[in-house]
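**Student:** Coordinates in start_21.txt, compact mmCIF, C-alpha atoms (C1' of nucleotides), are listed below.
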# COMPACT_ATOMS: atom_id res chain seq x y z
CA MET A 735 91.57 121.36 102.47
CA GLY A 736 89.72 119.77 99.63
CA ARG A 737 86.38 118.83 98.36
CA TRP A 738 86.74 115.32 99.73
CA GLU A 739 86.62 113.82 103.18
CA PRO A 740 89.78 114.73 105.10
CA ASP A 741 92.65 112.47 106.14
CA ALA A 742 92.61 110.25 103.10
CA ARG A 743 95.98 108.79 104.04
CA ASP A 744 94.89 107.90 107.54
CA ARG A 745 91.61 106.42 106.36
CA LEU A 746 93.52 104.24 103.95
CA LYS A 747 95.87 103.05 106.64
CA ARG A 748 93.08 102.22 109.06
CA ALA A 749 91.04 100.42 106.42
CA ALA A 750 94.09 98.45 105.31
CA VAL A 751 95.16 97.34 108.78
CA ASP A 752 91.61 96.38 109.69
CA LEU A 753 91.25 94.26 106.58
CA PHE A 754 94.66 92.67 107.06
CA VAL A 755 93.64 91.60 110.54
CA GLU A 756 90.21 90.43 109.44
CA GLN A 757 91.13 88.38 106.41
CA GLY A 758 94.90 88.40 106.03
CA PHE A 759 97.36 90.48 104.06
CA ALA A 760 97.55 88.40 100.89
CA GLU A 761 93.79 87.92 100.76
CA THR A 762 93.17 91.66 100.92
CA THR A 763 93.18 93.50 97.61
CA VAL A 764 93.90 97.17 97.16
CA PRO A 765 90.44 97.79 95.67
CA GLN A 766 88.96 96.35 98.87
CA ILE A 767 90.98 98.78 100.93
CA THR A 768 90.09 101.79 98.84
CA ALA A 769 86.44 100.80 98.73
CA ARG A 770 86.33 100.78 102.52
CA ALA A 771 88.11 104.13 102.65
CA GLY A 772 85.90 105.63 99.97
CA LEU A 773 88.70 106.23 97.49
CA THR A 774 90.04 104.74 94.30
CA THR A 775 92.86 102.29 93.70
CA ARG A 776 94.97 104.91 92.02
CA THR A 777 94.79 107.11 95.08
CA PHE A 778 96.13 104.34 97.29
CA PHE A 779 99.34 104.25 95.30
CA ARG A 780 99.62 108.00 95.48
CA HIS A 781 99.93 107.70 99.25
CA PHE A 782 101.92 104.48 99.56
CA ALA A 783 104.66 103.19 97.30
CA ASP A 784 103.17 99.72 97.47
CA LYS A 785 100.71 97.63 99.43
CA ARG A 786 103.27 96.77 102.10
CA GLU A 787 104.28 100.31 102.92
CA VAL A 788 100.98 100.96 104.65
CA LEU A 789 102.30 98.93 107.60
CA PHE A 790 105.47 101.01 107.87
CA VAL A 791 104.22 104.58 107.82
CA GLY A 792 106.01 106.75 110.31
CA GLU A 793 109.19 104.76 110.23
CA GLU A 794 110.57 106.75 107.33
CA GLU A 795 111.51 109.44 109.81
CA PHE A 796 113.77 107.20 111.90
CA PRO A 797 116.89 107.60 109.81
CA ALA A 798 116.67 111.39 109.84
CA LEU A 799 115.94 111.32 113.57
CA VAL A 800 118.97 109.18 114.28
CA ALA A 801 121.14 111.33 112.05
CA LYS A 802 120.16 114.39 114.03
CA MET A 803 120.74 112.67 117.36
CA MET A 804 124.19 111.60 116.29
CA ALA A 805 125.14 115.00 114.94
CA ASP A 806 124.07 116.63 118.19
CA ALA A 807 125.83 114.15 120.49
CA PRO A 808 129.00 115.35 122.24
CA PRO A 809 132.10 114.43 120.22
CA SER A 810 133.62 112.80 123.28
CA LEU A 811 131.06 110.01 123.39
CA GLY A 812 132.14 106.58 122.19
CA PRO A 813 130.30 104.80 119.36
CA MET A 814 128.11 102.55 121.47
CA ALA A 815 127.18 105.38 123.80
CA VAL A 816 126.07 107.46 120.84
CA ILE A 817 123.96 104.63 119.47
CA LEU A 818 122.39 103.95 122.81
CA HIS A 819 121.44 107.57 123.13
CA GLY A 820 119.88 107.71 119.66
CA LEU A 821 117.96 104.48 120.05
CA ARG A 822 116.66 105.49 123.44
CA THR A 823 115.25 108.67 121.94
CA ILE A 824 113.42 106.73 119.26
CA ALA A 825 112.23 104.13 121.73
CA GLU A 826 110.82 106.69 124.11
CA GLY A 827 109.55 109.17 121.58
CA VAL A 828 107.90 106.86 119.09
CA PHE A 829 107.20 103.44 120.51
CA GLU A 830 106.13 104.27 124.03
CA GLY A 831 102.41 103.63 124.36
CA GLN A 832 102.24 101.78 121.05
CA ARG A 833 102.80 98.30 122.41
CA GLU A 834 99.33 97.00 121.55
CA TYR A 835 99.30 98.37 118.03
CA MET A 836 102.82 97.09 117.48
CA ARG A 837 101.68 93.64 118.54
CA THR A 838 98.84 93.40 116.04
CA ARG A 839 101.11 94.88 113.42
CA ARG A 840 103.72 92.24 114.11
CA SER A 841 101.14 89.47 113.95
CA VAL A 842 100.24 90.62 110.46
CA ILE A 843 103.83 90.97 109.32
CA GLN A 844 104.70 87.49 110.47
CA THR A 845 102.10 85.94 108.18
CA ASP A 846 103.71 87.21 105.00
CA ALA A 847 107.23 86.72 103.72
CA GLY A 848 107.12 89.91 101.69
CA LEU A 849 106.27 91.92 104.77
CA ARG A 850 109.11 90.39 106.72
CA GLU A 851 111.45 91.29 103.88
CA ARG A 852 110.25 94.86 104.09
CA GLU A 853 110.77 94.93 107.83
CA LEU A 854 114.36 93.82 107.37
CA TRP A 855 114.78 96.55 104.80
CA LYS A 856 113.60 99.17 107.26
CA LEU A 857 116.05 97.99 109.87
CA SER A 858 118.75 98.04 107.24
CA ALA A 859 117.87 101.64 106.39
CA LEU A 860 118.23 102.51 110.05
CA SER A 861 121.60 100.82 110.15
CA LYS A 862 122.68 102.74 107.08
CA ALA A 863 121.73 106.03 108.69
CA ILE A 864 123.64 105.20 111.85
CA ARG A 865 126.67 104.19 109.84
CA GLU A 866 126.61 107.49 107.96
CA GLY A 867 126.26 109.35 111.21
CA PHE A 868 129.45 107.72 112.41
CA LEU A 869 131.27 108.53 109.21
CA GLU A 870 130.29 112.16 109.75
CA ARG A 871 131.82 111.94 113.19
CA GLY A 872 135.08 110.73 111.71
CA VAL A 873 134.76 107.10 112.71
CA ASP A 874 136.45 104.65 110.36
CA ASP A 875 134.26 102.74 107.93
CA LEU A 876 134.53 99.28 109.44
CA THR A 877 133.85 100.44 112.97
CA ALA A 878 130.96 102.58 111.77
CA THR A 879 129.39 99.69 109.89
CA LEU A 880 129.76 97.19 112.70
CA ALA A 881 128.65 99.51 115.48
CA ALA A 882 125.58 100.43 113.43
CA GLN A 883 124.77 96.78 112.79
CA ALA A 884 125.20 95.90 116.44
CA GLY A 885 122.94 98.73 117.49
CA VAL A 886 120.23 97.75 115.04
CA THR A 887 120.48 94.13 116.11
CA ALA A 888 119.94 95.15 119.71
CA PHE A 889 117.07 97.35 118.63
CA GLY A 890 115.37 94.65 116.58
CA VAL A 891 115.80 91.90 119.13
CA GLY A 892 114.83 94.35 121.83
CA ILE A 893 111.55 95.16 120.11
CA THR A 894 110.76 91.46 119.91
CA ARG A 895 111.42 90.99 123.60
CA TRP A 896 109.45 94.12 124.42
CA LEU A 897 106.42 92.81 122.53
CA ASP A 898 106.72 89.40 124.15
CA GLN A 899 106.33 90.77 127.63
CA ASP A 900 104.09 93.27 129.38
CA ASP A 901 106.46 95.17 131.61
CA GLY A 902 109.64 97.10 131.03
CA SER A 903 110.24 100.05 128.74
CA LEU A 904 111.63 99.51 125.28
CA ALA A 905 114.60 101.72 126.02
CA GLU A 906 115.58 99.61 129.01
CA ILE A 907 115.17 96.38 127.12
CA VAL A 908 117.25 97.61 124.21
CA ARG A 909 120.01 98.60 126.57
CA ASP A 910 119.81 95.24 128.30
CA THR A 911 119.90 93.45 124.94
CA LEU A 912 122.96 95.37 123.91
CA ASP A 913 124.65 94.36 127.15
CA ALA A 914 123.80 90.74 126.43
CA LEU A 915 125.31 91.07 122.98
CA ARG A 916 128.51 92.42 124.51
CA THR A 917 128.63 89.49 126.86
CA VAL A 918 128.12 86.95 124.10
CA LEU A 919 130.90 88.47 122.02
CA ALA A 920 133.22 88.87 124.96
CA GLU A 921 133.53 85.14 125.32
CA PRO A 922 136.85 83.90 123.92
CA VAL A 923 136.61 82.11 120.58
CA GLU A 924 138.72 79.13 121.59
CA MET B 898 115.68 62.77 80.30
CA GLY B 899 113.10 64.49 78.21
CA ARG B 900 112.14 65.57 74.78
CA TRP B 901 113.51 69.07 75.37
CA GLU B 902 116.94 70.59 75.55
CA PRO B 903 118.61 69.74 78.88
CA ASP B 904 119.45 72.07 81.77
CA ALA B 905 116.38 74.25 81.50
CA ARG B 906 117.01 75.71 84.94
CA ASP B 907 120.58 76.64 84.18
CA ARG B 908 119.67 78.13 80.81
CA LEU B 909 117.07 80.28 82.50
CA LYS B 910 119.54 81.48 85.09
CA ARG B 911 122.18 82.36 82.53
CA ALA B 912 119.71 84.15 80.27
CA ALA B 913 118.33 86.08 83.21
CA VAL B 914 121.67 87.22 84.60
CA ASP B 915 122.88 88.21 81.15
CA LEU B 916 119.79 90.30 80.53
CA PHE B 917 119.96 91.88 83.98
CA VAL B 918 123.52 92.98 83.27
CA GLU B 919 122.72 94.16 79.77
CA GLN B 920 119.59 96.18 80.42
CA GLY B 921 118.88 96.14 84.14
CA PHE B 922 116.71 94.03 86.40
CA ALA B 923 113.52 96.07 86.32
CA GLU B 924 113.72 96.57 82.57
CA THR B 925 113.96 92.84 81.95
CA THR B 926 110.68 90.97 81.68
CA VAL B 927 110.22 87.29 82.33
CA PRO B 928 109.06 86.67 78.74
CA GLN B 929 112.35 88.15 77.54
CA ILE B 930 114.25 85.73 79.73
CA THR B 931 112.29 82.69 78.65
CA ALA B 932 112.47 83.70 75.00
CA ARG B 933 116.26 83.77 75.22
CA ALA B 934 116.26 80.41 76.99
CA GLY B 935 113.81 78.89 74.53
CA LEU B 936 111.10 78.22 77.11
CA THR B 937 107.78 79.64 78.19
CA THR B 938 106.91 82.09 80.93
CA ARG B 939 105.09 79.43 82.90
CA THR B 940 108.19 77.29 82.98
CA PHE B 941 110.24 80.10 84.52
CA PHE B 942 107.97 80.13 87.54
CA ARG B 943 108.19 76.37 87.82
CA HIS B 944 111.90 76.74 88.50
CA PHE B 945 111.97 79.97 90.49
CA ALA B 946 109.44 81.22 93.01
CA ASP B 947 109.71 84.71 91.56
CA LYS B 948 111.87 86.84 89.29
CA ARG B 949 114.29 87.70 92.09
CA GLU B 950 115.05 84.18 93.15
CA VAL B 951 117.07 83.54 90.03
CA LEU B 952 119.88 85.57 91.62
CA PHE B 953 119.85 83.50 94.80
CA VAL B 954 119.95 79.93 93.54
CA GLY B 955 122.26 77.75 95.57
CA GLU B 956 121.86 79.75 98.74
CA GLU B 957 118.84 77.75 99.83
CA GLU B 958 121.22 75.07 101.01
CA PHE B 959 123.09 77.32 103.44
CA PRO B 960 120.71 76.91 106.37
CA ALA B 961 120.80 73.13 106.16
CA LEU B 962 124.57 73.21 105.77
CA VAL B 963 125.01 75.35 108.85
CA ALA B 964 122.59 73.21 110.81
CA LYS B 965 124.65 70.13 110.03
CA MET B 966 127.90 71.85 110.92
CA MET B 967 126.51 72.93 114.24
CA ALA B 968 125.09 69.54 115.08
CA ASP B 969 128.42 67.91 114.33
CA ALA B 970 130.54 70.38 116.28
CA PRO B 971 131.99 69.20 119.61
CA PRO B 972 129.68 70.13 122.49
CA SER B 973 132.57 71.77 124.29
CA LEU B 974 132.92 74.54 121.73
CA GLY B 975 131.64 77.99 122.70
CA PRO B 976 128.98 79.77 120.60
CA MET B 977 131.26 82.00 118.60
CA ALA B 978 133.69 79.18 117.90
CA VAL B 979 130.84 77.09 116.52
CA ILE B 980 129.65 79.88 114.29
CA LEU B 981 133.12 80.59 113.03
CA HIS B 982 133.54 76.97 112.11
CA GLY B 983 130.25 76.82 110.24
CA LEU B 984 130.77 80.05 108.35
CA ARG B 985 134.27 79.05 107.37
CA THR B 986 132.92 75.87 105.84
CA ILE B 987 130.42 77.81 103.76
CA ALA B 988 132.99 80.39 102.82
CA GLU B 989 135.50 77.85 101.62
CA GLY B 990 133.11 75.37 100.12
CA VAL B 991 130.78 77.66 98.24
CA PHE B 992 132.24 81.11 97.68
CA GLU B 993 135.85 80.28 96.94
CA GLY B 994 136.52 80.94 93.27
CA GLN B 995 133.24 82.79 92.78
CA ARG B 996 134.54 86.27 93.49
CA GLU B 997 134.01 87.56 89.96
CA TYR B 998 130.50 86.19 89.59
CA MET B 999 129.63 87.46 93.04
CA ARG B 1000 130.77 90.92 92.02
CA THR B 1001 128.57 91.16 88.96
CA ARG B 1002 125.73 89.66 90.97
CA ARG B 1003 126.18 92.30 93.63
CA SER B 1004 126.26 95.08 91.06
CA VAL B 1005 122.85 93.92 89.83
CA ILE B 1006 121.39 93.55 93.30
CA GLN B 1007 122.44 97.03 94.29
CA THR B 1008 120.40 98.58 91.50
CA ASP B 1009 117.08 97.30 92.81
CA ALA B 1010 115.48 97.76 96.20
CA GLY B 1011 113.49 94.56 95.90
CA LEU B 1012 116.64 92.56 95.31
CA ARG B 1013 118.31 94.10 98.33
CA GLU B 1014 115.27 93.16 100.39
CA ARG B 1015 115.61 89.60 99.21
CA GLU B 1016 119.29 89.57 100.07
CA LEU B 1017 118.50 90.66 103.62
CA TRP B 1018 115.91 87.94 103.79
CA LYS B 1019 118.46 85.31 102.85
CA LEU B 1020 120.84 86.52 105.53
CA SER B 1021 117.98 86.45 107.97
CA ALA B 1022 117.22 82.85 107.03
CA LEU B 1023 120.83 81.99 107.72
CA SER B 1024 120.61 83.70 111.08
CA LYS B 1025 117.47 81.77 111.88
CA ALA B 1026 119.15 78.47 111.09
CA ILE B 1027 122.12 79.31 113.28
CA ARG B 1028 119.84 80.31 116.11
CA GLU B 1029 117.98 77.02 115.90
CA GLY B 1030 121.26 75.16 115.83
CA PHE B 1031 122.13 76.81 119.12
CA LEU B 1032 118.79 75.99 120.64
CA GLU B 1033 119.43 72.35 119.73
CA ARG B 1034 122.72 72.61 121.55
CA GLY B 1035 120.94 73.81 124.66
CA VAL B 1036 121.96 77.45 124.43
CA ASP B 1037 119.45 79.89 125.90
CA ASP B 1038 117.24 81.79 123.49
CA LEU B 1039 118.70 85.25 123.86
CA THR B 1040 122.28 84.11 123.53
CA ALA B 1041 121.36 81.95 120.56
CA THR B 1042 119.62 84.84 118.81
CA LEU B 1043 122.38 87.35 119.44
CA ALA B 1044 125.26 85.04 118.60
CA ALA B 1045 123.51 84.09 115.35
CA GLN B 1046 122.94 87.73 114.48
CA ALA B 1047 126.52 88.63 115.24
CA GLY B 1048 127.79 85.82 113.09
CA VAL B 1049 125.60 86.77 110.16
CA THR B 1050 126.64 90.39 110.50
CA ALA B 1051 130.27 89.38 110.30
CA PHE B 1052 129.46 87.18 107.34
CA GLY B 1053 127.55 89.87 105.46
CA VAL B 1054 130.08 92.62 106.13
CA GLY B 1055 132.85 90.17 105.41
CA ILE B 1056 131.44 89.37 101.97
CA THR B 1057 131.31 93.06 101.17
CA ARG B 1058 134.92 93.54 102.18
CA TRP B 1059 135.91 90.41 100.28
CA LEU B 1060 134.31 91.73 97.10
CA ASP B 1061 135.89 95.15 97.56
CA GLN B 1062 139.40 93.80 97.49
CA ASP B 1063 141.36 91.30 95.41
CA ASP B 1064 143.35 89.38 97.98
CA GLY B 1065 142.48 87.45 101.09
CA SER B 1066 140.16 84.50 101.48
CA LEU B 1067 136.58 85.03 102.54
CA ALA B 1068 137.04 82.80 105.58
CA GLU B 1069 139.93 84.94 106.84
CA ILE B 1070 138.08 88.16 106.23
CA VAL B 1071 134.98 86.93 108.05
CA ARG B 1072 137.10 85.94 111.00
CA ASP B 1073 138.82 89.32 110.95
CA THR B 1074 135.48 91.09 110.74
CA LEU B 1075 134.16 89.18 113.70
CA ASP B 1076 137.24 90.19 115.68
CA ALA B 1077 136.60 93.81 114.75
CA LEU B 1078 133.03 93.46 115.95
CA ARG B 1079 134.25 92.14 119.27
CA THR B 1080 136.58 95.07 119.62
CA VAL B 1081 133.87 97.60 118.84
CA LEU B 1082 131.55 96.08 121.41
CA ALA B 1083 134.25 95.69 124.00
CA GLU B 1084 134.57 99.42 124.31
CA PRO B 1085 132.89 100.65 127.51
CA VAL B 1086 129.59 102.45 126.99
CA GLU B 1087 130.40 105.42 129.16
C1' DG C 201 84.35 139.81 94.19
C1' DC C 202 86.46 137.57 90.25
C1' DC C 203 89.83 134.64 88.12
C1' DC C 204 93.33 131.62 87.70
C1' DC C 205 96.43 128.30 89.51
C1' DG C 206 97.80 124.28 91.96
C1' DG C 207 97.03 120.21 94.56
C1' DA C 208 94.39 116.15 95.32
C1' DT C 209 91.38 112.88 93.35
C1' DG C 210 88.69 110.18 89.71
C1' DA C 211 88.53 107.53 85.52
C1' DC C 212 90.57 104.74 82.24
C1' DA C 213 93.98 102.02 79.96
C1' DT C 214 97.77 99.15 80.25
C1' DC C 215 101.74 96.43 81.64
C1' DC C 216 103.76 92.73 83.97
C1' DG C 217 104.45 89.41 87.70
C1' DG C 218 102.48 85.39 89.25
C1' DT C 219 99.06 81.23 89.37
C1' DG C 220 95.59 77.55 88.18
C1' DT C 221 94.50 74.20 84.93
C1' DC C 222 94.71 71.13 81.40
C1' DG C 223 96.76 68.97 77.51
C1' DT C 224 100.91 66.81 75.46
C1' DC C 225 104.64 63.95 74.89
C1' DG C 226 108.81 61.27 75.97
C1' DG C 227 111.10 58.10 79.13
C1' DT C 228 110.71 54.64 82.63
C1' DT C 229 109.10 50.52 84.63
C1' DA C 230 106.60 46.24 85.25
C1' DT D 409 103.08 46.91 75.48
C1' DA D 410 100.61 49.38 78.54
C1' DA D 411 100.36 52.21 82.40
C1' DC D 412 102.42 55.80 84.68
C1' DC D 413 105.17 59.94 85.75
C1' DG D 414 107.60 64.09 85.08
C1' DA D 415 108.55 68.26 82.46
C1' DC D 416 106.93 71.45 79.52
C1' DG D 417 103.43 74.23 76.44
C1' DA D 418 99.14 76.76 75.92
C1' DC D 419 95.66 79.51 77.73
C1' DA D 420 93.01 82.09 80.85
C1' DC D 421 93.00 84.97 84.58
C1' DC D 422 93.92 87.85 88.81
C1' DG D 423 95.92 91.60 91.17
C1' DG D 424 99.62 94.94 91.93
C1' DA D 425 101.49 98.96 89.99
C1' DT D 426 101.92 102.98 86.68
C1' DG D 427 101.04 106.62 83.01
C1' DT D 428 97.86 109.97 81.55
C1' DC D 429 94.25 113.09 81.27
C1' DA D 430 90.13 115.12 83.15
C1' DT D 431 87.96 117.18 87.11
C1' DC D 432 86.99 120.00 90.91
C1' DC D 433 87.82 122.63 95.04
C1' DG D 434 90.18 126.18 97.77
C1' DG D 435 93.27 129.91 98.08
C1' DG D 436 95.93 133.90 96.55
C1' DG D 437 96.41 137.85 93.57
C1' DC D 438 94.28 141.62 91.50
Once more with this new file: its structure as C-alpha cells, please.
**Tutor:**
Amino acid sequence: MGRWEPDARDRLKRAAVDLFVEQGFAETTVPQITARAGLTTRTFFRHFADKREVLFVGEEEFPALVAKMMADAPPSLGPMAVILHGLRTIAEGVFEGQREYMRTRRSVIQTDAGLRERELWKLSALSKAIREGFLERGVDDLTATLAAQAGVTAFGVGITRWLDQDDGSLAEIVRDTLDALRTVLAEPVE
Amino acid sequence: MGRWEPDARDRLKRAAVDLFVEQGFAETTVPQITARAGLTTRTFFRHFADKREVLFVGEEEFPALVAKMMADAPPSLGPMAVILHGLRTIAEGVFEGQREYMRTRRSVIQTDAGLRERELWKLSALSKAIREGFLERGVDDLTATLAAQAGVTAFGVGITRWLDQDDGSLAEIVRDTLDALRTVLAEPVE
DNA sequence: GCCCCGGATGACATCCGGTGTCGTCGGTTA
DNA sequence: TAACCGACGACACCGGATGTCATCCGGGGC
C-alpha cells in the first residue's frame, strides 16, 4: 500500500516494547525506536499520540465495545448484571491468550510513574463509557457512576489477580472479584 | 532566612494558578510562571517535580495522614468503618472551607488530560496507603485492596458531588456516597 | 496508458519541559 | 571570624512533541 515496508505501526510497537524490556522505558528514546523500525521520529508521533501510548494500543476500542454491549443488553437486566456481561465479553474476546504479553507489559508499566498514570486514565475512560451506557439506559447519575466505578475496580483488580496466577480465566476472576467487593461492602459500618 | 523575597514556593503556586486560569494550563509556560513570581525556571523545578504538581501541593500528606488514622483506630472496627473515619478526618481537616478554590482548581484540571491523569494518580496513591493500612491491621490482601478502592471511589465521587452543590459538608456527602455504593452493589446480579 | 490526486513518509526547524552542574551569597553556628 | 549550609541564579543540554513543506508511490478517472 505504499513504497515503504508494510505495517509501520506494528513495527514501531514491536521495536518499542522490545527496547523497553531490554533497557527500560525512560532510557529508551524515540529516535532509538524509530531507528530500529526503520522510520523517522516524526513518523512515530503520527502513529502514537505520545511515547506511552505505544503500550496501550488496542485498548482504545474498549469504550466503544462496552457501549455496544450495554446498548444491546436486555432492558430488564440490573446494573451489575449488565456490567458483568460487558466485561466478560472484553475479557474473553481481547485478553484470552494474551496472558504472557500482558505480564511483560505490566512489568514495564510498573517501572514508570507516567505509564501507571496512563493506565489509570485508560481504566477511567472505560468507567466513563460504562457510566454513559447506564445513562442511556435511564439509570440515575449517581447509580450509573458508582456501578461503573465498581465494575472497573473489579476489572482492574481482576486483571492483577489473573496475571499473578496461571490458572483461571479472566472472566471468572473478574466475576469472583466483584463478588468479593459485594461481600466487603455488605459488612455493616458499625 | 535568605537574601531573597520569602515564600518562593507559595509565590510560584499563586502565579501558576493565576496564569492557568487566565490563559489555560497548556498555554502557560514555566518561564512565564517564574517571571511573574520573580524567580528562575530552574527554581520552579526545585519546588515542584513537574508543571502539574503545582496543582496538587498539600495532597502529598494524605497517605501519611490516612496511615496514621488507620493505625490509631480501635482494632475492633470493621474495614469500612475504619475508612470512613479516616476519610472524614481528611474531609474535615483539609477540604473544609476550600470549596471555592477547589472549584477553580477542578475547572483547570478538567481542561487538560495530563492533569486528569495526575489526579487519578493521587487518588490511586491514597488507595494504596489505605490498602497498606489494612494489611498492617491483618486484613487479607483482597479485602484490603477492594475496601481501599471502594473508599477512594466514594471519596472521589463525593468530592465531585460536593463541588457541584453549595450545601452539605464533604464528610457527610462521602458517607452518603458510600451508602449509595453499598446499595448499588447489594442488588442481586441476576 | 496517462495523469492527477491523496495518503504516508522524510527532512528540517523549533518549542518547551525537565535535569545536571557550578557559582554565588546570606544566615547560622562554633 | 571562619567554616559551613541552604536557596537561588546562570548556563548548557537532552529528549519529547509539533508545525511545515517536500517527496514519492499507488490507485482511480479519463
**Student:** When you draw a straight line from atom CA of A:Arg776 to atom CA of A:Arg743, how long is it in Å?
**Tutor:**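 Interatomic distance here is 12.7 Å.
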**Student:** Need to verify the contact set: stretch 218-223 of chain C, 12 Å, all atoms listed in the file, exclusion of same-chain residues closer than 5 positions in sequence. Can you return it as an MDAnalysis selection string?
**Tutor:** (chainID B and resid 927 938:943 945:948) or (chainID D and resid 416:424)
**Student:** Hey, can you spit out that residue selection with C-alpha atoms (C1' of nucleotides) as a short mmCIF file (atom, residue, chain, number, x, y, z; two decimals), in the coordinates of the input?
**Tutor:**
data_model
loop_
_atom_site.label_atom_id
_atom_site.label_comp_id
_atom_site.auth_asym_id
_atom_site.auth_seq_id
_atom_site.Cartn_x
_atom_site.Cartn_y
_atom_site.Cartn_z
CA VAL B 927 110.22 87.29 82.33
CA THR B 938 106.91 82.09 80.93
CA ARG B 939 105.09 79.43 82.90
CA THR B 940 108.19 77.29 82.98
CA PHE B 941 110.24 80.10 84.52
CA PHE B 942 107.97 80.13 87.54
CA ARG B 943 108.19 76.37 87.82
CA PHE B 945 111.97 79.97 90.49
CA ALA B 946 109.44 81.22 93.01
CA ASP B 947 109.71 84.71 91.56
CA LYS B 948 111.87 86.84 89.29
"C1'" DC D 416 106.93 71.45 79.52
"C1'" DG D 417 103.43 74.23 76.44
"C1'" DA D 418 99.14 76.76 75.92
"C1'" DC D 419 95.66 79.51 77.73
"C1'" DA D 420 93.01 82.09 80.85
"C1'" DC D 421 93.00 84.97 84.58
"C1'" DC D 422 93.92 87.85 88.81
"C1'" DG D 423 95.92 91.60 91.17
"C1'" DG D 424 99.62 94.94 91.93
#
**Student:** Give me, as a list of chain:residue names, the residues of chain C touching chain A, with the criterion being at most 10 Å (counting all atoms listed in the file).
**Tutor:**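 For chain C, the answer reads C:DG207, C:DA208, C:DT209, C:DG210, C:DA211.
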**Student:** Need the shell around stretch 951-960 of chain B: protein/DNA/RNA residues with any atom at most 6 Å away, counting all atoms listed in the file. Skip same-chain ones fewer than 6 positions apart. Format as a short mmCIF file (atom, residue, chain, number, x, y, z; two decimals) with C-alpha atoms, keeping the file's coordinate frame?
**Tutor:**
data_model
loop_
_atom_site.label_atom_id
_atom_site.label_comp_id
_atom_site.auth_asym_id
_atom_site.auth_seq_id
_atom_site.Cartn_x
_atom_site.Cartn_y
_atom_site.Cartn_z
CA LYS B 910 119.54 81.48 85.09
CA LEU B 1023 120.83 81.99 107.72
CA ALA B 1026 119.15 78.47 111.09
#
**Student:** May I have the residues within 10 Å of B:Thr925 as a list of chain:residue names, using all atoms listed in the file and disregarding those fewer than 4 positions away in the same chain?
**Tutor:**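 Everything that qualifies: B:Ala913, B:Val914, B:Leu916, B:Phe917, B:Val918, B:Glu919, B:Gln920, B:Gly921, B:Gln929, B:Ile930, B:Lys948.
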**Student:** Between atom CA of A:Leu869 and atom CA of B:Ile1070, what is the distance in Å, rounded to a tenth?
**Tutor:**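 Distance between the two atoms: 21.7 Å.
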**Student:** Got a sec to pull out which chain D residues are within 10 Å of chain A, counting only C-alpha atoms (C1' of nucleotides), and send them as a PyMOL selection string?
**Tutor:** chain D and resi 423-426+432-435
**Student:** Choose the residue, out of B:Ile980, B:Leu1082, B:Leu1012, B:Ala1045, that has the smallest atom-to-atom separation from chain A; count all atoms listed in the file.
**Tutor:** B:Leu1082
**Student:** What is the distance between atom CA of A:Glu866 and atom CA of B:Trp1018, in Å to one decimal?
**Tutor:**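 Those two atoms sit 22.7 Å apart.
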**Student:** Identify all chain A residues at most 10 Å from chain B by counting only C-alpha atoms; ligands do not count. Present them as a ChimeraX atom specification.
**Tutor:** /A:810-818,847-848,850-858,876-881,883-885,887-888,891,895,911-924
**Student:** Show me, as number ranges by chain, the residues that have an atom within 12 Å of C:DC202 when counting all atoms listed in the file, minus same-chain residues fewer than 2 positions from it.
**Tutor:** C: 204; D: 436-438
**Student:** Write a file of the just-selected residues containing C-alpha atoms (C1' of nucleotides), as a compact mmCIF listing (two decimals), keeping the file's coordinate frame.
**Tutor:**
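Output file selection09.txt is given in full below:
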# COMPACT_ATOMS: atom_id res chain seq x y z
C1' DC C 204 93.33 131.62 87.70
C1' DG D 436 95.93 133.90 96.55
C1' DG D 437 96.41 137.85 93.57
C1' DC D 438 94.28 141.62 91.50
**Student:** Of the candidates B:Ala988, B:Ala912, B:Val1036, B:Ala1022, which one gets nearest to B:Pro972 if we count all atoms listed in the file?
**Tutor:**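 That would be B:Val1036, the residue with the smallest distance to B:Pro972.
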**Student:** Write out as an MDAnalysis selection string each polymer residue whose atoms come within 12 Å of C:DT229, counting only C-alpha atoms (C1' of nucleotides); drop sequence neighbours fewer than 6 positions from it.
**Tutor:** chainID D and resid 409:413
